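Source file: protein_15.pdb; contents: PDB, C-alpha atoms.
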ATOM      1  CA  MET A   1      49.838   5.074  68.556
ATOM      2  CA  LYS A   2      47.831   5.003  65.343
ATOM      3  CA  ALA A   3      48.725   7.367  62.531
ATOM      4  CA  GLN A   4      46.402  10.324  62.032
ATOM      5  CA  LYS A   5      44.999  11.233  58.627
ATOM      6  CA  PRO A   6      45.770  14.919  58.096
ATOM      7  CA  GLY A   7      43.246  17.372  56.760
ATOM      8  CA  LEU A   8      40.005  15.701  57.834
ATOM      9  CA  HIS A   9      37.286  17.677  59.599
ATOM     10  CA  PRO A  10      37.578  17.516  63.420
ATOM     11  CA  ARG A  11      34.215  15.709  63.731
ATOM     12  CA  ASN A  12      35.080  13.156  61.042
ATOM     13  CA  ARG A  13      35.112   9.623  62.481
ATOM     14  CA  HIS A  14      37.923   8.561  60.144
ATOM     15  CA  HIS A  15      41.011  10.295  61.555
ATOM     16  CA  GLN A  16      42.775   7.056  62.439
ATOM     17  CA  ARG A  17      44.043   4.356  60.122
ATOM     18  CA  TYR A  18      41.394   1.788  59.339
ATOM     19  CA  ASP A  19      40.869  -0.682  62.180
ATOM     20  CA  LEU A  20      40.625  -3.613  59.791
ATOM     21  CA  PRO A  21      39.849  -6.269  62.441
ATOM     22  CA  ALA A  22      36.877  -4.194  63.685
ATOM     23  CA  LEU A  23      35.767  -3.489  60.121
ATOM     24  CA  CYS A  24      35.955  -7.208  59.291
ATOM     25  CA  GLN A  25      33.682  -7.885  62.261
ATOM     26  CA  ALA A  26      31.185  -5.373  60.863
ATOM     27  CA  HIS A  27      31.430  -6.847  57.352
ATOM     28  CA  PRO A  28      33.159 -10.276  57.286
ATOM     29  CA  ASP A  29      33.505 -10.298  53.466
ATOM     30  CA  LEU A  30      36.164  -7.583  53.813
ATOM     31  CA  GLN A  31      38.566 -10.205  55.209
ATOM     32  CA  GLY A  32      38.953 -11.732  51.741
ATOM     33  CA  TYR A  33      40.440  -8.470  50.429
ATOM     34  CA  ILE A  34      42.999  -7.870  53.190
ATOM     35  CA  THR A  35      46.625  -8.024  52.086
ATOM     36  CA  LEU A  36      49.941  -6.900  53.525
ATOM     37  CA  ASN A  37      51.741  -3.846  52.193
ATOM     38  CA  PRO A  38      55.574  -3.745  51.826
ATOM     39  CA  LEU A  39      55.853  -2.645  55.479
ATOM     40  CA  GLY A  40      53.908  -5.717  56.612
ATOM     41  CA  GLU A  41      50.808  -3.703  57.542
ATOM     42  CA  GLN A  42      47.307  -4.860  56.703
ATOM     43  CA  THR A  43      45.605  -2.990  53.867
ATOM     44  CA  ILE A  44      43.401  -3.555  50.847
ATOM     45  CA  ASP A  45      44.126  -3.076  47.160
ATOM     46  CA  PHE A  46      42.464   0.290  46.521
ATOM     47  CA  ALA A  47      42.722  -0.341  42.772
ATOM     48  CA  ASN A  48      40.329  -3.297  43.148
ATOM     49  CA  PRO A  49      36.735  -1.976  42.947
ATOM     50  CA  GLN A  50      35.358  -4.986  44.839
ATOM     51  CA  ALA A  51      37.829  -4.422  47.690
ATOM     52  CA  VAL A  52      36.848  -0.742  47.901
ATOM     53  CA  LYS A  53      33.172  -1.686  47.847
ATOM     54  CA  ALA A  54      33.739  -4.182  50.694
ATOM     55  CA  LEU A  55      35.623  -1.507  52.658
ATOM     56  CA  ASN A  56      32.738   0.938  52.159
ATOM     57  CA  LYS A  57      30.230  -1.672  53.323
ATOM     58  CA  ALA A  58      32.335  -2.232  56.436
ATOM     59  CA  LEU A  59      32.797   1.493  57.147
ATOM     60  CA  LEU A  60      29.094   2.224  56.727
ATOM     61  CA  ALA A  61      28.110  -0.722  58.935
ATOM     62  CA  HIS A  62      30.698  -0.007  61.640
ATOM     63  CA  PHE A  63      30.442   3.785  61.885
ATOM     64  CA  TYR A  64      26.967   4.630  60.565
ATOM     65  CA  ALA A  65      24.816   1.555  61.392
ATOM     66  CA  VAL A  66      24.042   0.945  57.695
ATOM     67  CA  LYS A  67      23.740  -2.817  57.420
ATOM     68  CA  HIS A  68      22.704  -3.495  53.823
ATOM     69  CA  TRP A  69      24.550  -0.950  51.678
ATOM     70  CA  ASP A  70      25.292  -1.992  48.128
ATOM     71  CA  ILE A  71      25.663  -0.436  44.712
ATOM     72  CA  PRO A  72      25.283  -2.045  41.304
ATOM     73  CA  ASP A  73      28.399  -2.776  39.274
ATOM     74  CA  GLY A  74      29.468   0.164  37.163
ATOM     75  CA  PHE A  75      28.319   2.838  39.631
ATOM     76  CA  LEU A  76      30.714   5.130  41.480
ATOM     77  CA  CYS A  77      31.920   3.866  44.844
ATOM     78  CA  PRO A  78      32.559   7.011  46.895
ATOM     79  CA  PRO A  79      35.275   7.182  49.556
ATOM     80  CA  VAL A  80      33.344   7.341  52.830
ATOM     81  CA  PRO A  81      35.835   9.490  54.826
ATOM     82  CA  GLY A  82      35.839  12.224  52.179
ATOM     83  CA  ARG A  83      32.052  12.222  51.875
ATOM     84  CA  ALA A  84      31.743  12.446  55.661
ATOM     85  CA  ASP A  85      34.013  15.494  55.493
ATOM     86  CA  TYR A  86      31.615  17.221  53.090
ATOM     87  CA  ILE A  87      28.723  16.587  55.488
ATOM     88  CA  HIS A  88      30.661  18.023  58.455
ATOM     89  CA  HIS A  89      31.688  21.111  56.473
ATOM     90  CA  LEU A  90      28.056  21.579  55.430
ATOM     91  CA  ALA A  91      27.113  21.407  59.117
ATOM     92  CA  ASP A  92      29.635  24.162  59.819
ATOM     93  CA  LEU A  93      28.148  26.330  57.064
ATOM     94  CA  LEU A  94      24.640  25.801  58.410
ATOM     95  CA  ALA A  95      25.845  26.739  61.913
ATOM     96  CA  GLN A  96      27.479  30.019  60.876
ATOM     97  CA  ASP A  97      24.561  32.271  61.804
ATOM     98  CA  SER A  98      23.343  30.629  65.009
ATOM     99  CA  GLY A  99      26.545  28.972  66.191
ATOM    100  CA  GLU A 100      24.740  25.624  66.404
ATOM    101  CA  VAL A 101      24.305  22.858  63.869
ATOM    102  CA  PRO A 102      20.586  22.685  63.053
ATOM    103  CA  LYS A 103      18.901  19.520  64.235
ATOM    104  CA  GLN A 104      16.020  19.693  61.773
ATOM    105  CA  ALA A 105      17.671  20.616  58.487
ATOM    106  CA  THR A 106      16.282  19.348  55.207
ATOM    107  CA  ILE A 107      18.977  18.859  52.582
ATOM    108  CA  LEU A 108      18.497  18.571  48.828
ATOM    109  CA  ASP A 109      20.974  16.080  47.341
ATOM    110  CA  ILE A 110      21.102  16.681  43.594
ATOM    111  CA  GLY A 111      22.611  13.697  41.807
ATOM    112  CA  THR A 112      22.141  11.224  44.625
ATOM    113  CA  GLY A 113      23.445   8.357  42.526
ATOM    114  CA  ALA A 114      23.062   4.715  43.403
ATOM    115  CA  ASN A 115      24.880   4.957  46.712
ATOM    116  CA  LEU A 116      22.943   7.552  48.785
ATOM    117  CA  ILE A 117      26.189   8.339  50.587
ATOM    118  CA  TYR A 118      25.371  11.888  51.714
ATOM    119  CA  PRO A 119      21.925  11.040  53.105
ATOM    120  CA  LEU A 120      23.247   7.958  54.910
ATOM    121  CA  ILE A 121      25.998   9.907  56.650
ATOM    122  CA  GLY A 122      23.942  13.068  57.238
ATOM    123  CA  VAL A 123      21.016  11.189  58.788
ATOM    124  CA  HIS A 124      23.318   9.301  61.140
ATOM    125  CA  GLU A 125      25.562  12.190  62.143
ATOM    126  CA  TYR A 126      23.007  14.984  62.448
ATOM    127  CA  GLY A 127      19.517  13.518  62.105
ATOM    128  CA  TRP A 128      18.886  15.622  59.012
ATOM    129  CA  ARG A 129      16.212  14.812  56.433
ATOM    130  CA  PHE A 130      17.246  14.448  52.807
ATOM    131  CA  THR A 131      15.458  14.742  49.510
ATOM    132  CA  GLY A 132      17.407  13.196  46.675
ATOM    133  CA  SER A 133      17.150  13.698  42.950
ATOM    134  CA  GLU A 134      18.712  11.621  40.202
ATOM    135  CA  ILE A 135      18.455  11.873  36.421
ATOM    136  CA  SER A 136      19.691   8.368  35.682
ATOM    137  CA  ARG A 137      16.839   6.363  34.235
ATOM    138  CA  LYS A 138      18.616   3.144  35.145
ATOM    139  CA  PRO A 139      16.710   1.819  38.145
ATOM    140  CA  SER A 140      18.746   1.175  41.244
ATOM    141  CA  PRO A 141      17.244  -1.513  43.468
ATOM    142  CA  ALA A 142      20.038  -0.783  45.945
ATOM    143  CA  ARG A 143      19.014   2.880  46.210
ATOM    144  CA  ARG A 144      15.373   1.904  46.744
ATOM    145  CA  ARG A 145      16.264  -0.650  49.455
ATOM    146  CA  LEU A 146      18.518   1.850  51.218
ATOM    147  CA  SER A 147      15.962   4.640  51.177
ATOM    148  CA  MET A 148      13.321   2.313  52.606
ATOM    149  CA  ALA A 149      15.701   1.053  55.316
ATOM    150  CA  THR A 150      16.742   4.527  56.474
ATOM    151  CA  PRO A 151      14.730   5.593  59.531
ATOM    152  CA  ASP A 152      12.489   8.665  59.286
TER     153      ASP A 152
END
Render the structure in this file as structure tokens.
Amino acid sequence: MKAQKPGLHPRNRHHQRYDLPALCQAHPDLQGYITLNPLGEQTIDFANPQAVKALNKALLAHFYAVKHWDIPDGFLCPPVPGRADYIHHLADLLAQDSGEVPKQATILDIGTGANLIYPLIGVHEYGWRFTGSEISRKPSPARRRLSMATPD
């Protein structure tokens, strides 16, 4: 039996430990960052930004059908399970009045950053539309590619 991650939203796809073989199939570059912990279990070095980035690419490809996610060096690399939790809690807030998660919500993401993490998860999980704003004047080709690749 796989260990459960406590405290995650019930609809979060990331309750189990990472299935690293499946994630490596989704993003083969992740394999180069797999190591064994002191218990002999497969893991990655979460202190290595490139390993975390490869894990995020694999998670987004495997769970959210995002095939070309990338962020420039120096930008924040958000933990996908925690960001998915925020989206599911937002869905709960939006469902408070009607009892149902709205299917046609439009969400304003202030401070979208280079990674577009909330729109990517929210579009996949709920079909919501997102409008993002960002004050950084540094252009992000990754953000532009992702926004163009996300279905309407």
*Written as an MDAnalysis selection string, which residues does the PyMOL selection byres ((chain A and resi 119-124) around 8) give for the file shown?*
chainID A and resid 64:66 84 87 109 116:118 125:130 150
May I have the selected residues written with C-alpha atoms, as a JSON list (two decimals), keeping the file's coordinate frame?
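Below is the file selection.json, written as the result:
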[["chain", "number", "residue", "atom", "x", "y", "z"],
["A", 64, "TYR", "CA", 26.97, 4.63, 60.56],
["A", 65, "ALA", "CA", 24.82, 1.56, 61.39],
["A", 66, "VAL", "CA", 24.04, 0.94, 57.70],
["A", 84, "ALA", "CA", 31.74, 12.45, 55.66],
["A", 87, "ILE", "CA", 28.72, 16.59, 55.49],
["A", 109, "ASP", "CA", 20.97, 16.08, 47.34],
["A", 116, "LEU", "CA", 22.94, 7.55, 48.78],
["A", 117, "ILE", "CA", 26.19, 8.34, 50.59],
["A", 118, "TYR", "CA", 25.37, 11.89, 51.71],
["A", 125, "GLU", "CA", 25.56, 12.19, 62.14],
["A", 126, "TYR", "CA", 23.01, 14.98, 62.45],
["A", 127, "GLY", "CA", 19.52, 13.52, 62.10],
["A", 128, "TRP", "CA", 18.89, 15.62, 59.01],
["A", 129, "ARG", "CA", 16.21, 14.81, 56.43],
["A", 130, "PHE", "CA", 17.25, 14.45, 52.81],
["A", 150, "THR", "CA", 16.74, 4.53, 56.47]]
For stretch 61-106 of chain A against stretch 10-15 of chain A, with a cut-off of 10 Å and counting all atoms listed in the file, what is the closest atom pair and its distance in Å to one decimal for every residue that makes the cut, ordered by chain and number, as a Markdown table?
| residue | atom | partner | partner_atom | distance |
| --- | --- | --- | --- | --- |
| A:Phe63 | CA | A:Arg13 | CA | 7.5 |
| A:Tyr64 | CA | A:Arg13 | CA | 9.7 |
| A:Val80 | CA | A:His14 | CA | 8.7 |
| A:Pro81 | CA | A:His14 | CA | 5.8 |
| A:Gly82 | CA | A:Asn12 | CA | 8.9 |
| A:Arg83 | CA | A:Asn12 | CA | 9.7 |
| A:Ala84 | CA | A:Asn12 | CA | 6.4 |
| A:Asp85 | CA | A:Asn12 | CA | 6.1 |
| A:Tyr86 | CA | A:Asn12 | CA | 9.6 |
| A:Ile87 | CA | A:Asn12 | CA | 9.1 |
| A:His88 | CA | A:Arg11 | CA | 6.8 |
| A:His89 | CA | A:Arg11 | CA | 9.4 |
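Pairwise distance (atom CA of A:Asn115, atom CA of A:Pro72) equals 8.9 Å.
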Report as JSON the centre and the edge lengths, in Å to one decimal, of the axis-aligned box holding every listed atom of stretch 94-113 of chain A, padded by 6 Å on each side.
{"center_x": 21.7, "center_y": 20.3, "center_z": 54.1, "size_x": 23.5, "size_y": 35.9, "size_z": 36.6}
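Atom CA of A:Asn37 to atom CA of A:Lys67 spans 28.5 Å [interatomic distance, one decimal].
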*Which polymer residues have any atom within 9 Å of an atom of A:Ala58, counting all atoms listed in the file, with same-chain residues fewer than 5 positions away left out, as a ChimeraX atom specification?*
/A:22-30,53,63,66-67
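The space between atom CA of A:Leu20 and atom CA of A:Ile34 spans 8.2 Å.
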*Starting from the displayed file, determine the output of the PyMOL selection byres ((chain A and resi 102) around 10) and express the residue list as an MDAnalysis selection string.*
chainID A and resid 91:92 94:95 98:101 103:106 126:128
*Determine the residue membership of the PyMOL selection byres ((chain A and resi 33) around 9) for the file above and supply it as a list in words.*
Asp29, Leu30, Gln31, Gly32, Ile34, Thr35, Thr43, Ile44, Asp45, Asn48, Gln50, Ala51, Val52, Ala54 and Leu55 of chain A
Using C-alpha atoms, can you write the selected residues to a file as an mmCIF file, in the frame of the given file?
data_model
loop_
_atom_site.group_PDB
_atom_site.id
_atom_site.type_symbol
_atom_site.label_atom_id
_atom_site.label_comp_id
_atom_site.auth_asym_id
_atom_site.auth_seq_id
_atom_site.Cartn_x
_atom_site.Cartn_y
_atom_site.Cartn_z
ATOM 1 C CA ASP A 29 33.505 -10.298 53.466
ATOM 2 C CA LEU A 30 36.164 -7.583 53.813
ATOM 3 C CA GLN A 31 38.566 -10.205 55.209
ATOM 4 C CA GLY A 32 38.953 -11.732 51.741
ATOM 5 C CA ILE A 34 42.999 -7.870 53.190
ATOM 6 C CA THR A 35 46.625 -8.024 52.086
ATOM 7 C CA THR A 43 45.605 -2.990 53.867
ATOM 8 C CA ILE A 44 43.401 -3.555 50.847
ATOM 9 C CA ASP A 45 44.126 -3.076 47.160
ATOM 10 C CA ASN A 48 40.329 -3.297 43.148
ATOM 11 C CA GLN A 50 35.358 -4.986 44.839
ATOM 12 C CA ALA A 51 37.829 -4.422 47.690
ATOM 13 C CA VAL A 52 36.848 -0.742 47.901
ATOM 14 C CA ALA A 54 33.739 -4.182 50.694
ATOM 15 C CA LEU A 55 35.623 -1.507 52.658
#
_Residue nearest A:Thr112 among A:Asp97, A:Glu41, A:Asp73, A:Glu134 (counting all atoms listed in the file)_ = A:Glu134
